[in-house]
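What follows is a single structure, written as structure tokens, with notes after it.
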Amino acid sequence: MADLTTNFAGIRCPNPFWLASGPPTNCGEQVMRAFDAGWGGAVWKTIGEPIVNVSSRYSSVDWNGQRMMGLNNIELITDRPIEVNLREIAEVKKRYPKHAVIASLMVDSKREVWHDIVKRSEDAGADGLELNFGCPHGMSERGMGSAVGQVPEYACMITEWVKEVARTPVLIKLTPNITDIRAVARASRRGGADALSAINTINSITGIDLDTFTPRPNVGGYSAHGGYCGPAVKPIALHLVQQIASDPEVGLPISGIGGVSGWRDAAEFILLGCGTVQVCTAAMHYGYRIVEDMADGLSNWMDEKGFRTIEDFRGLSLPKVTEWKHLDLNYKIVARINRDTCIGCDLCYIACWDGAHQCIHLDGHALPAAIEARSRASVTTTPIAKLDSVQATIGATPPARIPRVDEDECVGCNLCWLVCPVENCITMEQVDAGRPPESWEQRTHA
């Protein structure tokens, strides 16, 4: 049986699933309910001098029937007094001594202020400290959050101040709103950080009300840029995690954040080197009990793959990420269409002719006429409406006209495979290119 217990930078907890700093960790009562549901740890909503939040605070991007594919927020740090938060941290640790409670901190850039909040947080029983150098809105305008995380010298300086008095592990939460995230990761290492958290939210405006002309969320007729999170940001988060995990000048444990909604997401972050994963948007959307499926799913997958602990597969995907110049130019795959499962929706044909390399054909039709007819139809038929009608026909009698792939012209781009609504109808299969492996770097330096 897989063992999910985790030791992250010296912080022990029952599993690698942590709630990220945010609304789900606003108070002790919430964190205790989360631990009862099965979360291994929680990063407290960022503590600092209480602020006044606005109303409203959230907006989202929905896509193809999925609500909150991406969530935007303009909420700031805690609006509750420091002493109240610390008192509740102490109570949570008293009741749940085996779970990880991390204090997220953000205060003015003064050595004595940081010393004070660090000592008070650790005296309350926090297992670790996460320095919030990532918040992209509101607090950055006050010289905190990403205003620190975008300047390596500031990040290093404040980390050094904290390490002067800290007795527990110090995590630095990095901002993605920067040209090269590795610069601040390296600075954090120089300052003595014990681990990193990545990524914080991405600067965004999610949309504009076309009646009032005000971006969302609307605060009395005005809005502001906010932090973007949720499933939509996962690809960006994975990229940035890989960047810092592969950097030999960083070499710190990473707590992965950004679009984690299920066990598969968690496995991907761990395969790229993360020791824990943090979840916020998914918990806000579906509630704390999503962790049950996360833990069961990850455990079952580990059993299937023969992994006993998290460390058995952590980082296994890192060696498989390389620079483009090292990729094999002679590796070749082509698309192949299963005649028995094709439903004749023509999406692969349309995508190939309009968006790729014109290698899929509908035999028996003059291509210019077919393209012209399709273009006329697209004026009144949205892609989503067409896909809905296509999905409704899945399982129907196979059509007489099956798209054909000209393999000599196919470049193996994957687009037809990606748009096909029938699972495994199109497969991408390797073919012998007749040439040995050769990269661009090898070719240009031969």
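The chains in the structure tokens are called A, B, ... from first to last as shown; in each chain the residues are counted from 1, and the ligands are counted from 1 in the order shown.
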
### Task
From the DSSP assignment of the backbone, select every residue of region 115-249 of chain A that is strand (DSSP E), and format the answer as an NGL selection string.
:A and (128-132 or 170-173 or 195-198 or 202-204 or 226-229)

May I have the selected residues written with N, CA and C atoms, as a PDB file, in the first residue's frame?
```pdb
ATOM      1  N   GLY A 128       5.827  26.050  10.301  1.00  0.00           N
ATOM      2  CA  GLY A 128       6.684  26.685   9.306  1.00  0.00           C
ATOM      3  C   GLY A 128       6.129  28.048   8.956  1.00  0.00           C
ATOM      4  N   LEU A 129       6.904  28.813   8.201  1.00  0.00           N
ATOM      5  CA  LEU A 129       6.516  30.160   7.813  1.00  0.00           C
ATOM      6  C   LEU A 129       6.577  30.272   6.299  1.00  0.00           C
ATOM      7  N   GLU A 130       5.508  30.784   5.689  1.00  0.00           N
ATOM      8  CA  GLU A 130       5.523  31.060   4.254  1.00  0.00           C
ATOM      9  C   GLU A 130       5.496  32.569   4.072  1.00  0.00           C
ATOM     10  N   LEU A 131       6.573  33.124   3.518  1.00  0.00           N
ATOM     11  CA  LEU A 131       6.654  34.559   3.305  1.00  0.00           C
ATOM     12  C   LEU A 131       5.991  34.871   1.969  1.00  0.00           C
ATOM     13  N   ASN A 132       4.933  35.658   2.012  1.00  0.00           N
ATOM     14  CA  ASN A 132       4.142  35.939   0.823  1.00  0.00           C
ATOM     15  C   ASN A 132       4.794  37.057   0.021  1.00  0.00           C
ATOM     16  N   VAL A 170      11.475  28.047   6.632  1.00  0.00           N
ATOM     17  CA  VAL A 170      10.979  29.254   5.978  1.00  0.00           C
ATOM     18  C   VAL A 170      10.769  28.967   4.496  1.00  0.00           C
ATOM     19  N   LEU A 171       9.518  29.139   4.047  1.00  0.00           N
ATOM     20  CA  LEU A 171       9.161  28.972   2.642  1.00  0.00           C
ATOM     21  C   LEU A 171       8.964  30.347   2.018  1.00  0.00           C
ATOM     22  N   ILE A 172       9.407  30.512   0.793  1.00  0.00           N
ATOM     23  CA  ILE A 172       9.196  31.760   0.059  1.00  0.00           C
ATOM     24  C   ILE A 172       8.174  31.505  -1.036  1.00  0.00           C
ATOM     25  N   LYS A 173       7.077  32.264  -1.018  1.00  0.00           N
ATOM     26  CA  LYS A 173       6.046  32.115  -2.044  1.00  0.00           C
ATOM     27  C   LYS A 173       6.360  33.061  -3.193  1.00  0.00           C
ATOM     28  N   ALA A 195      12.721  26.422   1.664  1.00  0.00           N
ATOM     29  CA  ALA A 195      11.873  25.853   0.619  1.00  0.00           C
ATOM     30  C   ALA A 195      11.191  26.978  -0.135  1.00  0.00           C
ATOM     31  N   LEU A 196      10.523  26.613  -1.225  1.00  0.00           N
ATOM     32  CA  LEU A 196       9.800  27.569  -2.052  1.00  0.00           C
ATOM     33  C   LEU A 196       8.367  27.101  -2.245  1.00  0.00           C
ATOM     34  N   SER A 197       7.455  28.049  -2.453  1.00  0.00           N
ATOM     35  CA  SER A 197       6.080  27.761  -2.868  1.00  0.00           C
ATOM     36  C   SER A 197       5.869  28.463  -4.208  1.00  0.00           C
ATOM     37  N   ALA A 198       5.337  27.724  -5.173  1.00  0.00           N
ATOM     38  CA  ALA A 198       5.146  28.312  -6.503  1.00  0.00           C
ATOM     39  C   ALA A 198       3.987  27.605  -7.209  1.00  0.00           C
ATOM     40  N   ILE A 202      -1.707  35.094 -10.986  1.00  0.00           N
ATOM     41  CA  ILE A 202      -1.227  35.807 -12.160  1.00  0.00           C
ATOM     42  C   ILE A 202      -2.080  37.066 -12.376  1.00  0.00           C
ATOM     43  N   ASN A 203      -1.434  38.176 -12.623  1.00  0.00           N
ATOM     44  CA  ASN A 203      -2.167  39.419 -12.895  1.00  0.00           C
ATOM     45  C   ASN A 203      -3.191  39.224 -14.006  1.00  0.00           C
ATOM     46  N   SER A 204      -4.403  39.724 -13.793  1.00  0.00           N
ATOM     47  CA  SER A 204      -5.441  39.474 -14.790  1.00  0.00           C
ATOM     48  C   SER A 204      -6.595  40.459 -14.690  1.00  0.00           C
ATOM     49  N   GLY A 226      -6.560  41.753 -10.808  1.00  0.00           N
ATOM     50  CA  GLY A 226      -6.552  40.824  -9.682  1.00  0.00           C
ATOM     51  C   GLY A 226      -5.657  39.639  -9.946  1.00  0.00           C
ATOM     52  N   GLY A 227      -5.719  38.665  -9.048  1.00  0.00           N
ATOM     53  CA  GLY A 227      -4.908  37.461  -9.154  1.00  0.00           C
ATOM     54  C   GLY A 227      -5.697  36.326  -9.779  1.00  0.00           C
ATOM     55  N   TYR A 228      -5.155  35.726 -10.831  1.00  0.00           N
ATOM     56  CA  TYR A 228      -5.825  34.667 -11.596  1.00  0.00           C
ATOM     57  C   TYR A 228      -5.318  33.316 -11.138  1.00  0.00           C
ATOM     58  N   CYS A 229      -6.254  32.382 -10.940  1.00  0.00           N
ATOM     59  CA  CYS A 229      -5.905  31.050 -10.450  1.00  0.00           C
ATOM     60  C   CYS A 229      -6.912  30.052 -10.995  1.00  0.00           C
TER      61      CYS A 229
END
```

What lies within 9 Å of Leu238 (chain A) using only C-alpha atoms, ignoring chain neighbours under 5 positions off, as a PDB file with C-alpha atoms, in the first residue's frame?
```
ATOM      1  CA  ILE A 199       3.185  29.842  -7.987  1.00  0.00           C
ATOM      2  CA  VAL A 233      -3.243  28.419 -14.810  1.00  0.00           C
ATOM      3  CA  GLN A 243      12.142  26.019 -14.251  1.00  0.00           C
ATOM      4  CA  GLY A 256       3.516  23.269  -5.969  1.00  0.00           C
ATOM      5  CA  ILE A 257       0.533  25.582  -6.464  1.00  0.00           C
ATOM      6  CA  GLY A 258      -1.605  26.443  -9.465  1.00  0.00           C
ATOM      7  CA  GLU A 268       2.113  15.925 -12.313  1.00  0.00           C
ATOM      8  CA  PHE A 269       3.451  18.533  -9.889  1.00  0.00           C
ATOM      9  CA  LEU A 272       8.205  17.767 -11.708  1.00  0.00           C
TER      10      LEU A 272
END
```

### For region 211-218 of chain A: contacts at 9 Å, only C-alpha atoms, fewer than 2 positions along chain excluded, given as a ChimeraX atom specification
/A:55-60,72-74,205-209,220-225

### Task
Please identify all polymer residues within 10 Å of Val291 (chain A), counting only C-alpha atoms, omitting same-chain residues fewer than 5 positions from it, and present them as number ranges by chain.
A: 17-19, 34-35, 37-40, 261-263, 279, 282-283, 296-297

### Query
Between A:Thr78, A:Thr46, A:Asn85, A:Thr6, which one has atoms that come closest to Cys274 (chain A), using only C-alpha atoms?
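Counting only C-alpha atoms, the residue closest to Cys274 (chain A) is A:Thr6.
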
Distance table requested - region 224-283 of chain A against region 10-13 of chain A, cut-off 12 Å, only C-alpha atoms: one row per qualifying residue with the closest atom pair and its distance in Å to one decimal, ordered by chain and rising residue number, as JSON lines.
```
{"residue": "A:Pro253", "atom": "CA", "partner": "A:Gly10", "partner_atom": "CA", "distance": 10.2}
{"residue": "A:Ser255", "atom": "CA", "partner": "A:Ile11", "partner_atom": "CA", "distance": 11.7}
{"residue": "A:Gly275", "atom": "CA", "partner": "A:Ile11", "partner_atom": "CA", "distance": 10.7}
{"residue": "A:Thr276", "atom": "CA", "partner": "A:Cys13", "partner_atom": "CA", "distance": 9.9}
```

### Task
Have a look at A:His137, A:Lys332, A:Lys93, A:Arg443 and name the one nearest to Cys410 (chain A); count only C-alpha atoms.
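Ranked by minimum distance to Cys410 (chain A), first place goes to A:Lys332.
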
### Query
What is the CA of Trp44 (chain A)-CA of Ile158 (chain A) distance in Å, reported with one decimal?
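Separation between CA of Trp44 (chain A) and CA of Ile158 (chain A): 19.8 Å.
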
### Query
So how many Å separate CA of Gly41 (chain A) and CA of Glu75 (chain A), to one decimal?
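One can read the CA of Gly41 (chain A) to CA of Glu75 (chain A) distance as 22.4 Å.
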
### Task
DSSP on the backbone, then: every residue of region 76-231 of chain A marked helix (DSSP H, G or I), written as JSON, numbers by chain.
{"A": [82, 83, 84, 85, 86, 87, 88, 89, 90, 91, 92, 93, 94, 95, 111, 112, 113, 114, 115, 116, 117, 118, 119, 120, 121, 122, 123, 140, 141, 142, 146, 147, 148, 149, 152, 153, 154, 155, 156, 157, 158, 159, 160, 161, 162, 163, 164, 165, 181, 182, 183, 184, 185, 186, 187, 188, 189, 190, 231]}

### Query
Looking at A:Met139, A:Gln358, A:Ser439, A:Pro81, which one is nearest to Pro50 (chain A), with distances taken over only C-alpha atoms?
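With only C-alpha atoms as the atom set, the closest residue is A:Pro81.
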